[in-house]
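Engineer: My structure file my_file34.txt, compact mmCIF, C-alpha atoms and all ligand atoms, is below:
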```
# COMPACT_ATOMS: atom_id res chain seq x y z
CA MET A 28 0.00 0.00 0.00
CA SER A 29 1.43 3.41 -0.86
CA VAL A 30 1.97 5.74 2.08
CA GLN A 31 -0.36 8.76 1.97
CA ARG A 32 0.85 10.54 5.10
CA ASN A 33 3.77 10.38 7.50
CA LEU A 34 2.34 11.32 10.83
CA LEU A 35 4.34 12.08 13.97
CA ILE A 36 2.47 11.45 17.23
CA THR A 37 4.35 12.58 20.36
CA GLY A 38 3.64 11.07 23.76
CA GLY A 39 2.08 8.00 22.15
CA ALA A 40 3.17 5.69 24.96
CA GLY A 41 1.12 7.61 27.53
CA PHE A 42 -2.54 7.35 28.45
CA ILE A 43 -4.31 9.39 25.74
CA GLY A 44 -1.47 9.09 23.24
CA SER A 45 -1.66 5.28 23.22
CA HIS A 46 -5.37 5.45 22.36
CA VAL A 47 -4.66 7.97 19.59
CA VAL A 48 -1.81 5.85 18.17
CA ARG A 49 -3.96 2.70 18.24
CA ARG A 50 -6.84 4.47 16.51
CA PHE A 51 -4.66 5.93 13.73
CA VAL A 52 -2.60 2.75 13.17
CA THR A 53 -5.72 0.59 12.84
CA THR A 54 -8.02 3.06 11.04
CA TYR A 55 -5.48 4.40 8.54
CA PRO A 56 -3.27 1.59 7.19
CA GLN A 57 -2.29 4.00 4.40
CA TYR A 58 -0.58 6.33 6.93
CA ARG A 59 2.81 5.72 8.47
CA ILE A 60 2.56 6.49 12.21
CA ILE A 61 5.74 7.48 14.04
CA ASN A 62 5.33 7.46 17.81
CA LEU A 63 7.99 9.61 19.47
CA ASP A 64 8.11 9.24 23.24
CA ALA A 65 10.82 9.67 25.90
CA LEU A 66 9.27 6.90 28.03
CA THR A 67 9.15 8.87 31.26
CA TYR A 68 7.45 7.29 34.29
CA ALA A 69 4.14 7.92 32.44
CA GLY A 70 5.13 6.28 29.17
CA ASN A 71 4.68 2.55 28.84
CA LEU A 72 5.10 0.47 25.69
CA GLU A 73 2.90 -2.21 27.27
CA ASN A 74 0.04 0.17 26.37
CA LEU A 75 0.67 -0.61 22.70
CA ARG A 76 1.49 -4.35 22.71
CA ASP A 77 -1.46 -5.13 20.42
CA ILE A 78 -0.25 -2.89 17.57
CA GLU A 79 3.53 -2.78 18.05
CA ASN A 80 4.17 -5.07 15.05
CA ALA A 81 1.78 -3.31 12.68
CA PRO A 82 3.55 -2.59 9.35
CA ASN A 83 2.56 1.10 9.42
CA TYR A 84 3.86 1.75 12.97
CA THR A 85 7.32 2.86 14.18
CA PHE A 86 8.40 3.74 17.70
CA VAL A 87 11.22 6.23 18.32
CA LYS A 88 12.50 6.77 21.84
CA ALA A 89 13.45 10.45 22.04
CA ASP A 90 12.93 13.57 24.11
CA ILE A 91 10.97 16.41 22.48
CA CYS A 92 13.48 18.82 24.04
CA ASN A 93 16.29 17.25 21.98
CA ALA A 94 16.31 19.43 18.82
CA ASP A 95 18.70 17.16 16.89
CA ALA A 96 16.70 14.02 17.60
CA VAL A 97 13.43 15.71 16.64
CA ALA A 98 14.90 17.19 13.42
CA LYS A 99 16.21 13.74 12.47
CA VAL A 100 12.73 12.23 12.81
CA PHE A 101 11.23 14.95 10.58
CA LYS A 102 13.93 14.26 7.98
CA ASP A 103 14.11 10.44 8.18
CA PHE A 104 10.35 9.99 7.96
CA ALA A 105 9.40 13.03 5.82
CA ILE A 106 6.87 14.04 8.47
CA ASP A 107 3.94 16.03 7.09
CA GLY A 108 1.60 15.99 10.08
CA VAL A 109 2.08 16.24 13.86
CA ILE A 110 -0.26 15.37 16.71
CA HIS A 111 1.51 16.62 19.81
CA LEU A 112 0.51 15.00 23.09
CA ALA A 113 3.85 14.57 24.91
CA ALA A 114 3.74 16.47 28.18
CA GLU A 115 4.15 16.35 31.90
CA SER A 116 0.48 15.95 32.78
CA HIS A 117 -0.05 15.62 36.55
CA VAL A 118 -1.04 18.76 38.48
CA ASP A 119 0.28 17.43 41.83
CA ARG A 120 3.72 16.80 40.33
CA SER A 121 3.72 20.32 38.87
CA ILE A 122 3.30 21.70 42.39
CA THR A 123 6.45 19.97 43.62
CA ASP A 124 8.54 20.34 40.43
CA PRO A 125 7.35 23.23 38.20
CA LEU A 126 10.55 23.37 36.13
CA ALA A 127 10.02 19.85 34.79
CA PHE A 128 6.76 21.19 33.34
CA VAL A 129 8.39 24.28 31.86
CA ARG A 130 11.03 22.06 30.28
CA THR A 131 8.78 19.53 28.57
CA ASN A 132 5.57 21.48 28.04
CA VAL A 133 7.07 24.83 27.00
CA PHE A 134 10.64 24.19 25.81
CA GLY A 135 9.69 20.81 24.32
CA THR A 136 6.72 22.23 22.43
CA VAL A 137 8.77 25.11 21.03
CA THR A 138 11.51 22.65 20.01
CA LEU A 139 8.90 20.66 18.10
CA LEU A 140 7.45 23.81 16.49
CA ASN A 141 10.95 24.81 15.34
CA ALA A 142 11.51 21.36 13.85
CA ALA A 143 8.23 21.59 11.90
CA LYS A 144 9.03 25.12 10.72
CA GLU A 145 12.54 24.13 9.60
CA ALA A 146 11.46 20.89 7.93
CA TRP A 147 8.48 22.40 6.11
CA LYS A 148 10.24 25.67 5.15
CA GLY A 149 7.04 27.48 4.31
CA ALA A 150 5.83 24.74 1.91
CA TYR A 151 2.77 24.25 4.06
CA ASP A 152 0.40 22.62 1.62
CA GLY A 153 -0.92 19.41 3.22
CA LYS A 154 0.97 20.05 6.46
CA ARG A 155 -0.61 20.35 9.89
CA PHE A 156 0.62 20.82 13.48
CA TYR A 157 -2.05 19.69 15.94
CA HIS A 158 -1.45 20.69 19.56
CA VAL A 159 -3.41 18.76 22.20
CA SER A 160 -4.17 20.89 25.24
CA THR A 161 -6.35 21.04 28.30
CA ASP A 162 -9.36 22.93 29.65
CA GLU A 163 -7.25 23.85 32.70
CA VAL A 164 -5.77 26.79 30.76
CA TYR A 165 -9.09 28.60 31.30
CA GLY A 166 -8.73 28.53 35.09
CA SER A 167 -11.44 27.66 37.58
CA LEU A 168 -15.21 28.21 37.34
CA HIS A 169 -16.81 29.47 40.52
CA ASP A 170 -20.19 30.90 39.56
CA GLY A 171 -21.65 28.56 36.99
CA GLY A 172 -21.06 28.86 33.25
CA PHE A 173 -18.85 26.93 30.87
CA PHE A 174 -15.50 27.30 29.17
CA THR A 175 -15.90 28.31 25.52
CA GLU A 176 -13.14 28.83 22.95
CA GLU A 177 -13.41 32.57 23.75
CA THR A 178 -12.91 32.23 27.51
CA PRO A 179 -9.77 34.21 28.47
CA TYR A 180 -6.82 32.15 29.66
CA ASP A 181 -6.39 32.18 33.44
CA PRO A 182 -4.19 29.20 34.40
CA GLN A 183 -3.90 28.57 38.11
CA SER A 184 -1.36 25.75 38.55
CA PRO A 185 2.20 25.34 37.27
CA TYR A 186 0.85 22.56 35.01
CA SER A 187 -1.88 24.69 33.47
CA ALA A 188 0.46 27.70 33.20
CA SER A 189 2.91 25.57 31.22
CA LYS A 190 0.14 24.24 28.95
CA ALA A 191 -1.22 27.78 28.45
CA SER A 192 2.26 28.93 27.49
CA SER A 193 2.61 26.09 24.97
CA ASP A 194 -0.79 26.99 23.45
CA HIS A 195 0.36 30.60 23.07
CA PHE A 196 3.56 29.50 21.34
CA VAL A 197 1.62 27.34 18.86
CA ARG A 198 -0.64 30.28 17.96
CA ALA A 199 2.38 32.62 17.80
CA TYR A 200 4.04 30.29 15.25
CA GLY A 201 0.80 30.33 13.29
CA ASN A 202 0.72 34.10 13.29
CA THR A 203 4.44 34.77 12.78
CA TYR A 204 5.56 31.96 10.49
CA LYS A 205 2.13 30.97 9.10
CA LEU A 206 2.62 27.44 10.43
CA PRO A 207 -0.70 25.62 9.86
CA PHE A 208 -2.01 24.55 13.26
CA VAL A 209 -5.06 23.45 15.19
CA VAL A 210 -5.46 23.36 18.99
CA SER A 211 -7.93 21.47 21.12
CA ASN A 212 -8.64 21.91 24.83
CA CYS A 213 -10.20 18.88 26.46
CA SER A 214 -11.70 18.09 29.84
CA ASN A 215 -10.71 15.20 32.16
CA ASN A 216 -10.31 11.85 30.42
CA TYR A 217 -10.90 8.42 31.90
CA GLY A 218 -10.51 4.89 30.55
CA SER A 219 -8.03 2.05 30.19
CA HIS A 220 -4.24 2.48 30.51
CA HIS A 221 -4.61 5.56 32.76
CA PHE A 222 -1.67 5.92 35.14
CA PRO A 223 -2.92 5.41 38.72
CA GLU A 224 -1.63 8.73 40.03
CA LYS A 225 -4.85 10.27 38.60
CA LEU A 226 -8.15 10.16 40.48
CA ILE A 227 -10.13 7.37 38.78
CA PRO A 228 -7.42 4.69 38.34
CA LEU A 229 -5.93 5.57 41.75
CA MET A 230 -9.30 4.99 43.43
CA ILE A 231 -9.92 1.74 41.51
CA ASN A 232 -6.47 0.46 42.47
CA ASN A 233 -6.84 1.43 46.12
CA ILE A 234 -10.34 -0.05 46.40
CA ARG A 235 -9.00 -3.28 44.92
CA ASN A 236 -6.18 -3.33 47.49
CA ASN A 237 -8.34 -2.16 50.43
CA LYS A 238 -6.22 0.97 50.83
CA PRO A 239 -7.48 4.40 52.03
CA LEU A 240 -9.16 6.50 49.31
CA PRO A 241 -7.58 9.98 49.62
CA VAL A 242 -10.18 12.64 48.79
CA TYR A 243 -8.67 16.14 48.71
CA GLY A 244 -10.40 18.77 50.85
CA LYS A 245 -14.13 18.21 51.08
CA GLY A 246 -14.41 16.41 47.74
CA GLU A 247 -16.55 19.28 46.41
CA ASN A 248 -14.42 19.99 43.32
CA VAL A 249 -16.13 19.31 40.01
CA ARG A 250 -14.64 17.77 36.87
CA ASP A 251 -16.21 17.07 33.45
CA TRP A 252 -15.29 13.47 32.50
CA LEU A 253 -14.86 12.17 28.94
CA TRP A 254 -14.12 8.60 27.83
CA VAL A 255 -10.59 8.57 26.42
CA GLU A 256 -11.62 6.78 23.21
CA ASP A 257 -14.09 9.58 22.55
CA HIS A 258 -11.23 12.06 22.95
CA ALA A 259 -9.19 10.02 20.45
CA ALA A 260 -12.16 10.14 18.06
CA ALA A 261 -12.40 13.92 18.50
CA ILE A 262 -8.67 14.26 17.77
CA ASP A 263 -9.14 12.18 14.60
CA THR A 264 -12.03 14.42 13.52
CA ILE A 265 -10.17 17.66 14.23
CA PHE A 266 -6.96 16.46 12.58
CA HIS A 267 -8.83 15.61 9.39
CA THR A 268 -11.59 18.21 9.23
CA GLY A 269 -10.68 21.04 11.62
CA VAL A 270 -9.93 24.46 10.17
CA ASN A 271 -6.36 25.79 10.34
CA GLY A 272 -5.86 28.36 13.07
CA GLU A 273 -8.96 27.25 14.97
CA THR A 274 -9.39 25.99 18.53
CA TYR A 275 -11.90 23.32 19.51
CA ASN A 276 -13.07 22.61 23.06
CA ILE A 277 -13.80 18.94 23.78
CA GLY A 278 -15.88 17.80 26.76
CA GLY A 279 -18.19 15.13 28.05
CA HIS A 280 -21.25 17.14 29.22
CA ASN A 281 -20.63 15.09 32.33
CA GLU A 282 -19.88 16.99 35.54
CA TRP A 283 -19.23 15.15 38.78
CA LYS A 284 -18.22 16.26 42.26
CA ASN A 285 -15.18 14.20 43.26
CA ILE A 286 -16.88 12.75 46.32
CA ASP A 287 -19.94 11.62 44.33
CA LEU A 288 -17.70 10.01 41.73
CA VAL A 289 -15.70 8.17 44.41
CA HIS A 290 -18.95 6.87 45.95
CA LEU A 291 -20.09 5.69 42.51
CA LEU A 292 -16.79 3.86 41.95
CA CYS A 293 -17.08 2.26 45.40
CA ALA A 294 -20.59 1.00 44.56
CA ILE A 295 -19.46 -0.43 41.20
CA MET A 296 -16.45 -2.10 42.79
CA ASP A 297 -18.53 -3.57 45.66
CA ARG A 298 -20.75 -5.20 43.06
CA LYS A 299 -17.88 -6.45 40.88
CA LEU A 300 -15.77 -7.72 43.78
CA GLY A 301 -18.74 -9.33 45.58
CA ARG A 302 -18.32 -7.06 48.59
CA ALA A 303 -21.24 -6.02 50.84
CA GLU A 304 -22.91 -2.75 49.77
CA GLY A 305 -21.08 0.17 51.41
CA GLU A 306 -17.95 -1.84 52.17
CA SER A 307 -15.52 0.02 49.87
CA ALA A 308 -16.89 3.47 50.83
CA LYS A 309 -15.57 2.87 54.36
CA LEU A 310 -12.10 3.39 52.85
CA ILE A 311 -12.86 7.05 51.96
CA THR A 312 -10.42 9.33 53.80
CA TYR A 313 -10.52 13.12 53.56
CA VAL A 314 -6.97 14.51 53.27
CA THR A 315 -5.35 17.95 53.04
CA ASP A 316 -6.48 19.78 49.92
CA ARG A 317 -4.33 20.27 46.81
CA ALA A 318 -2.62 23.71 46.91
CA GLY A 319 -4.57 26.19 44.75
CA HIS A 320 -7.12 23.49 43.88
CA ASP A 321 -9.34 24.58 40.94
CA LEU A 322 -12.99 24.31 42.00
CA ARG A 323 -14.78 23.42 38.77
CA TYR A 324 -14.08 22.75 35.11
CA ALA A 325 -16.91 22.46 32.58
CA ILE A 326 -16.64 22.57 28.81
CA ASP A 327 -19.05 24.02 26.29
CA ALA A 328 -18.41 21.58 23.42
CA SER A 329 -21.04 23.03 21.09
CA LYS A 330 -18.52 24.32 18.50
CA ILE A 331 -17.02 20.93 17.69
CA GLU A 332 -20.48 19.34 17.61
CA ARG A 333 -21.93 22.08 15.38
CA GLU A 334 -18.98 22.51 13.01
CA LEU A 335 -17.38 19.05 12.90
CA GLY A 336 -20.22 16.77 14.03
CA TRP A 337 -18.35 15.18 16.96
CA ARG A 338 -20.07 14.26 20.20
CA PRO A 339 -19.35 11.67 22.94
CA SER A 340 -20.41 8.19 21.80
CA ILE A 341 -21.17 6.57 25.16
CA THR A 342 -22.60 7.53 28.54
CA PHE A 343 -20.54 7.79 31.70
CA GLU A 344 -22.33 4.77 33.16
CA VAL A 345 -21.24 2.59 30.23
CA GLY A 346 -17.73 4.07 30.08
CA LEU A 347 -17.09 3.65 33.79
CA GLU A 348 -18.28 0.01 33.77
CA ARG A 349 -15.94 -0.70 30.84
CA THR A 350 -13.11 1.08 32.59
CA VAL A 351 -13.50 -0.80 35.87
CA ASP A 352 -13.79 -4.09 33.94
CA TRP A 353 -10.55 -3.29 32.10
CA TYR A 354 -8.62 -2.66 35.33
CA LEU A 355 -9.99 -5.81 36.96
CA ALA A 356 -9.03 -7.84 33.87
CA ASN A 357 -5.58 -6.23 33.70
CA THR A 358 -4.34 -6.35 37.27
CA GLU A 359 -0.91 -7.32 35.93
CA TRP A 360 -0.70 -3.97 34.10
CA LEU A 361 -1.68 -2.18 37.31
CA ASP A 362 0.82 -4.17 39.36
CA HIS A 363 3.63 -3.42 36.86
CA VAL A 364 3.04 0.33 36.76
CA THR A 365 2.61 0.61 40.53
CA SER A 366 5.80 -1.24 41.44
CA GLY A 367 9.11 0.58 41.97
CA ALA A 368 9.11 4.35 41.49
CA TYR A 369 5.35 4.65 41.92
CA GLN A 370 5.63 3.46 45.53
CA GLN A 371 8.17 6.19 46.32
CA TYR A 372 6.00 8.84 44.64
CA TYR A 373 2.93 7.63 46.54
CA GLN A 374 4.63 7.62 49.96
CA ALA A 375 6.17 11.06 49.44
CA HIS A 376 3.05 12.67 47.96
CA TYR A 377 0.38 11.34 50.31
CA ALA A 378 2.58 11.88 53.39
CA GLN A 379 1.96 15.61 52.73
CA HIS A 380 -1.81 15.27 52.40
P1 LIG B 401 0.50 11.03 30.22
O1 LIG B 401 1.26 11.64 31.34
O2 LIG B 401 -0.25 9.76 30.45
O3 LIG B 401 1.50 10.73 28.99
C1 LIG B 401 2.46 11.66 28.58
C2 LIG B 401 3.41 10.95 27.61
O4 LIG B 401 4.38 11.90 27.18
C3 LIG B 401 4.18 9.78 28.23
O5 LIG B 401 4.19 8.68 27.34
C4 LIG B 401 5.56 10.33 28.42
O6 LIG B 401 6.59 9.33 28.35
C5 LIG B 401 5.67 11.32 27.27
N1 LIG B 401 6.63 12.38 27.53
C6 LIG B 401 6.73 13.15 28.66
N2 LIG B 401 7.75 13.99 28.55
C7 LIG B 401 8.30 13.78 27.31
C8 LIG B 401 9.39 14.37 26.61
N3 LIG B 401 10.14 15.34 27.16
N4 LIG B 401 9.66 13.93 25.38
C9 LIG B 401 8.92 12.93 24.81
N5 LIG B 401 7.90 12.33 25.44
C10 LIG B 401 7.60 12.75 26.69
O7 LIG B 401 -0.43 12.17 29.67
P2 LIG B 401 -1.94 12.09 29.13
O8 LIG B 401 -2.86 12.15 30.28
O9 LIG B 401 -2.04 11.00 28.16
O10 LIG B 401 -2.03 13.50 28.37
C11 LIG B 401 -1.60 13.62 27.02
C12 LIG B 401 -1.78 15.06 26.57
O11 LIG B 401 -3.16 15.41 26.67
C13 LIG B 401 -1.03 16.09 27.41
O12 LIG B 401 -0.55 17.09 26.57
C14 LIG B 401 -2.09 16.64 28.36
O13 LIG B 401 -1.78 17.96 28.73
C15 LIG B 401 -3.31 16.57 27.49
N6 LIG B 401 -4.61 16.41 28.19
C16 LIG B 401 -4.77 15.41 29.12
C17 LIG B 401 -6.02 15.24 29.73
C18 LIG B 401 -6.27 14.13 30.74
O14 LIG B 401 -7.35 14.08 31.32
N7 LIG B 401 -5.33 13.21 30.97
C19 LIG B 401 -7.08 16.08 29.39
C20 LIG B 401 -6.86 17.10 28.44
C21 LIG B 401 -5.62 17.24 27.85
O1 LIG B 402 -9.05 18.87 32.93
C1 LIG B 402 -8.07 18.20 32.19
C2 LIG B 402 -6.95 17.77 33.10
O2 LIG B 402 -7.45 16.70 33.89
C3 LIG B 402 -5.70 17.34 32.35
O3 LIG B 402 -5.17 18.43 31.67
C4 LIG B 402 -4.64 16.78 33.31
O4 LIG B 402 -3.53 16.29 32.60
C5 LIG B 402 -5.28 15.65 34.09
O5 LIG B 402 -4.35 15.15 35.04
C6 LIG B 402 -6.55 16.11 34.80
O6 LIG B 402 -6.24 17.05 35.86
P1 LIG B 402 -6.99 16.99 37.29
O7 LIG B 402 -6.13 17.65 38.28
O8 LIG B 402 -8.41 17.41 37.18
O9 LIG B 402 -6.99 15.38 37.49
P2 LIG B 402 -6.67 14.44 38.76
O10 LIG B 402 -7.07 13.05 38.35
O11 LIG B 402 -5.30 14.65 39.29
O12 LIG B 402 -7.71 14.95 39.84
C7 LIG B 402 -9.10 14.98 39.58
C8 LIG B 402 -9.78 15.57 40.80
O13 LIG B 402 -9.63 14.65 41.91
C9 LIG B 402 -9.15 16.87 41.28
O14 LIG B 402 -10.18 17.72 41.77
C10 LIG B 402 -8.22 16.46 42.41
C11 LIG B 402 -8.94 15.26 43.02
N1 LIG B 402 -8.07 14.21 43.62
C12 LIG B 402 -7.04 13.73 42.88
C13 LIG B 402 -6.20 12.75 43.38
C14 LIG B 402 -5.04 12.23 42.58
C15 LIG B 402 -8.33 13.73 44.88
O15 LIG B 402 -9.29 14.14 45.54
N2 LIG B 402 -7.51 12.75 45.40
C16 LIG B 402 -6.44 12.26 44.70
O16 LIG B 402 -5.72 11.39 45.25
```
Now that the file is in, can you turn its structure into structure tokens?
Ligand code: NAD
Ligand code: DAU

Structural biologist:
Amino acid sequence: MSVQRNLLITGGAGFIGSHVVRRFVTTYPQYRIINLDALTYAGNLENLRDIENAPNYTFVKADICNADAVAKVFKDFAIDGVIHLAAESHVDRSITDPLAFVRTNVFGTVTLLNAAKEAWKGAYDGKRFYHVSTDEVYGSLHDGGFFTEETPYDPQSPYSASKASSDHFVRAYGNTYKLPFVVSNCSNNYGSHHFPEKLIPLMINNIRNNKPLPVYGKGENVRDWLWVEDHAAAIDTIFHTGVNGETYNIGGHNEWKNIDLVHLLCAIMDRKLGRAEGESAKLITYVTDRAGHDLRYAIDASKIERELGWRPSITFEVGLERTVDWYLANTEWLDHVTSGAYQQYYQAHYAQH
């Protein structure tokens, strides 16, 4: 089959990236997919075992901050499209080590932009740089309302400040060098292969192991949850049909207070593990709040629905059941990723909460 596109996906060994890589490798056999990932603690090639031998897939271990390595990938594979997901992604880690977030999310993104600019040299026909970002750049909602694409940026954590900065750089390259780009800002994802430092997989893992369930503050913070495969579908839609220079918000129309979500997970797990009703909820433990904890995120996803026809494909009830089933069927994956360095992170982080 002749190759129609050479597509670079960064961060493809991580949670969302692995779903995006799988979707593109299996849906578009006519594309060559290059997955560039540094394999930090969050990157795991086990996430891609099922497609690693596909003829249209290549993995390159490299750091997006390494300009020479990134330029070589653009040259060796004649890259004509980028979907950029590589990032430091955990808010709690950004509070203890902000510079790691500046390095990867800001410096790394600009390094990648430079590589695209240099490789494409203004011959932009058929080229596209897609930057995957977060709703956290808009800050925290306190009095109702939703984030739209016009909401002013107001990042509140080192993580969201670094993502906001990277978004600004992408748009600046569009304005200054006419680099063709699209940006999307998505709400909280959940699903399989999610590293258990994040709320949903952490709670599932702790319930399974009868460990305390650390709820920050009063558990009143609200997040808008989207199934990760629906995010991957939105990325596919935007990459192929989004308009250059545009931003698309992606969300699940699915707001939950943390404490209600943890109770729901406890109820599902009681049923699946054959525990008495209410058993797992006894593990809930309120702990010191996250510093500067954003109260509520909620996305207005009407633009992508109206203009590109994307909407979430499944309900939260269905997605959460599937997610819990995946973790219970893949305890080996959980045990692998929570051995070693994870234990040190967990002890150090939750000792402060
Ligand atoms: P993740 O932490 O699971 O994965 C990040 C991946 O990037 C890992 O594979 C890691 O090895 C790789 N990486 C990190 N630093 C790198 C570097 N310097 N060079 C090359 N690779 C590097 O993250 P995720 O949750 O899958 O998020 C992916 C992207 O989506 C991020 O840009 C994040 O900001 C954004 N996002 C995430 C969510 C969410 O709910 N998880 C929501 C909206 C947007
Ligand atoms: O909104 C999109 C963002 O969602 C992404 O950009 C980030 O990469 C992703 O990590 C996520 O950020 P959050 O901070 O919202 O996700 P997290 O899973 O860390 O926390 C979700 C909520 O649960 C938040 O209000 C904090 C709370 N929480 C989290 C953990 C890890 C707890 O109460 N206890 C915990 O142990």

Engineer: Out of A:Phe42, A:Tyr151, A:Tyr324, A:Phe196, which residue has the shortest atom-to-atom distance to A:Ala113 when counting all atoms listed in the file?

Structural biologist: A:Phe42

Engineer: So, with all atoms listed in the file as the atoms that count, which of A:Gly279, A:Pro179, A:Pro82, A:Pro239 lies closest to ligand LIG 401 (chain B)?

Structural biologist: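 Using all atoms listed in the file, the shortest distance to ligand LIG 401 (chain B) belongs to A:Gly279.
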
Engineer: Suppose you want the space between atom C6 of ligand LIG 401 (chain B) and atom CA of A:Ala127; what is it in Å?

Structural biologist: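 Atom C6 of ligand LIG 401 (chain B) sits 9.7 Å away from atom CA of A:Ala127.
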
Engineer: Return as a PyMOL selection string the residues of protein, DNA or RNA that approach ligand LIG 402 (chain B) to within 9 Å, with all atoms listed in the file taken into account.

Structural biologist: chain A and resi 114-119+160-164+186-187+190+212-217+223-230+240-252+284-286+289+313-314+316-317+320-325+377

Engineer: How would the residues just chosen look if you wrote them out with C-alpha atoms as a short mmCIF file (atom, residue, chain, number, x, y, z; two decimals), in the frame of the given file?

Structural biologist:
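Below is the file selection22.cif, written as the result:
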```
data_model
loop_
_atom_site.label_atom_id
_atom_site.label_comp_id
_atom_site.auth_asym_id
_atom_site.auth_seq_id
_atom_site.Cartn_x
_atom_site.Cartn_y
_atom_site.Cartn_z
CA ALA A 114 3.74 16.47 28.18
CA GLU A 115 4.15 16.35 31.90
CA SER A 116 0.48 15.95 32.78
CA HIS A 117 -0.05 15.62 36.55
CA VAL A 118 -1.04 18.76 38.48
CA ASP A 119 0.28 17.43 41.83
CA SER A 160 -4.17 20.89 25.24
CA THR A 161 -6.35 21.04 28.30
CA ASP A 162 -9.36 22.93 29.65
CA GLU A 163 -7.25 23.85 32.70
CA VAL A 164 -5.77 26.79 30.76
CA TYR A 186 0.85 22.56 35.01
CA SER A 187 -1.88 24.69 33.47
CA LYS A 190 0.14 24.24 28.95
CA ASN A 212 -8.64 21.91 24.83
CA CYS A 213 -10.20 18.88 26.46
CA SER A 214 -11.70 18.09 29.84
CA ASN A 215 -10.71 15.20 32.16
CA ASN A 216 -10.31 11.85 30.42
CA TYR A 217 -10.90 8.42 31.90
CA PRO A 223 -2.92 5.41 38.72
CA GLU A 224 -1.63 8.73 40.03
CA LYS A 225 -4.85 10.27 38.60
CA LEU A 226 -8.15 10.16 40.48
CA ILE A 227 -10.13 7.37 38.78
CA PRO A 228 -7.42 4.69 38.34
CA LEU A 229 -5.93 5.57 41.75
CA MET A 230 -9.30 4.99 43.43
CA LEU A 240 -9.16 6.50 49.31
CA PRO A 241 -7.58 9.98 49.62
CA VAL A 242 -10.18 12.64 48.79
CA TYR A 243 -8.67 16.14 48.71
CA GLY A 244 -10.40 18.77 50.85
CA LYS A 245 -14.13 18.21 51.08
CA GLY A 246 -14.41 16.41 47.74
CA GLU A 247 -16.55 19.28 46.41
CA ASN A 248 -14.42 19.99 43.32
CA VAL A 249 -16.13 19.31 40.01
CA ARG A 250 -14.64 17.77 36.87
CA ASP A 251 -16.21 17.07 33.45
CA TRP A 252 -15.29 13.47 32.50
CA LYS A 284 -18.22 16.26 42.26
CA ASN A 285 -15.18 14.20 43.26
CA ILE A 286 -16.88 12.75 46.32
CA VAL A 289 -15.70 8.17 44.41
CA TYR A 313 -10.52 13.12 53.56
CA VAL A 314 -6.97 14.51 53.27
CA ASP A 316 -6.48 19.78 49.92
CA ARG A 317 -4.33 20.27 46.81
CA HIS A 320 -7.12 23.49 43.88
CA ASP A 321 -9.34 24.58 40.94
CA LEU A 322 -12.99 24.31 42.00
CA ARG A 323 -14.78 23.42 38.77
CA TYR A 324 -14.08 22.75 35.11
CA ALA A 325 -16.91 22.46 32.58
CA TYR A 377 0.38 11.34 50.31
#
```

Engineer: With a distance cut-off of 8 Å and all atoms listed in the file, select the neighbouring residues of stretch 46-48 of chain A, excluding the residue or stretch itself and same-chain residues fewer than 3 positions from it, and output the selection as a list in words.

Structural biologist: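 Listing them by chain and then by number gives Ile36, Gly39, Phe42, Ile43, Phe51, Val52, Ile60, Asn62, Val255, Glu256, Ala259, Ala260, Ile262 and Asp263 of chain A.
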
Engineer: Quick one, how far is atom CA of A:Asp90 from atom CA of A:Gly149?

Structural biologist: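 These two atoms are separated by 24.9 Å.
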
Engineer: Tell me which of A:Gln183, A:Thr350, A:Asn237, A:Gly272 sits closest to A:Leu253, counting only C-alpha atoms.

Structural biologist: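 Counting only C-alpha atoms, the residue closest to A:Leu253 is A:Thr350.
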
Engineer: Do you know which residues are at most 12 Å from stretch 358-373 of chain A counting only C-alpha atoms, after dropping those on the same chain fewer than 4 positions away, and could you put them as a PyMOL selection string?

Structural biologist: chain A and resi 41+67-76+119-120+123+219-225+228-229+231-233+235-236+241+351-354+377-380

Engineer: Rounded to one decimal, what separation in Å do you get between atom CA of A:Leu310 and atom CA of A:Asn281?

Structural biologist: 25.1 Å

Engineer: Would you mind telling me which residue in A:Phe266, A:Trp283, A:Trp254, A:Tyr55 lies nearest to ligand LIG 401 (chain B) when using all atoms listed in the file?

Structural biologist: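 Of A:Phe266, A:Trp283, A:Trp254, A:Tyr55, the one nearest ligand LIG 401 (chain B), counting all atoms listed in the file, is A:Trp254.
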
Engineer: Determine the nearest neighbour of ligand LIG 401 (chain B) from the options A:Phe208, A:Tyr180, A:Phe173, A:Tyr275, counting only C-alpha atoms and all ligand atoms.

Structural biologist: A:Tyr275

Engineer: Measuring between only C-alpha atoms and all ligand atoms, which one of A:Lys330, A:Lys309, A:Arg130, A:Lys102 shows the shortest distance to ligand LIG 401 (chain B)?

Structural biologist: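 Of A:Lys330, A:Lys309, A:Arg130, A:Lys102, the one nearest ligand LIG 401 (chain B) is A:Arg130, counting only C-alpha atoms and all ligand atoms.
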
Engineer: Identify the residues around (0.9, 3.9, 4.6) within a radius of 6 Å, measuring from all atoms listed in the file in the coordinates stated by the file, and give them as a list of chain:residue names.

Structural biologist: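 Every polymer residue passing the test: A:Ser29, A:Val30, A:Gln31, A:Pro56, A:Gln57, A:Tyr58, A:Arg59, A:Asn83.
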
Engineer: Would you compute, for all listed atoms of ligand LIG 401 (chain B), the axis-aligned bounding box grown by 8 Å on each side, and then report its centre and edge lengths in Å rounded to one decimal, as lines of an AutoDock Vina configuration file?

Structural biologist:
```
center_x = 1.4
center_y = 13.3
center_z = 28.1
size_x = 33.5
size_y = 25.3
size_z = 22.5
```
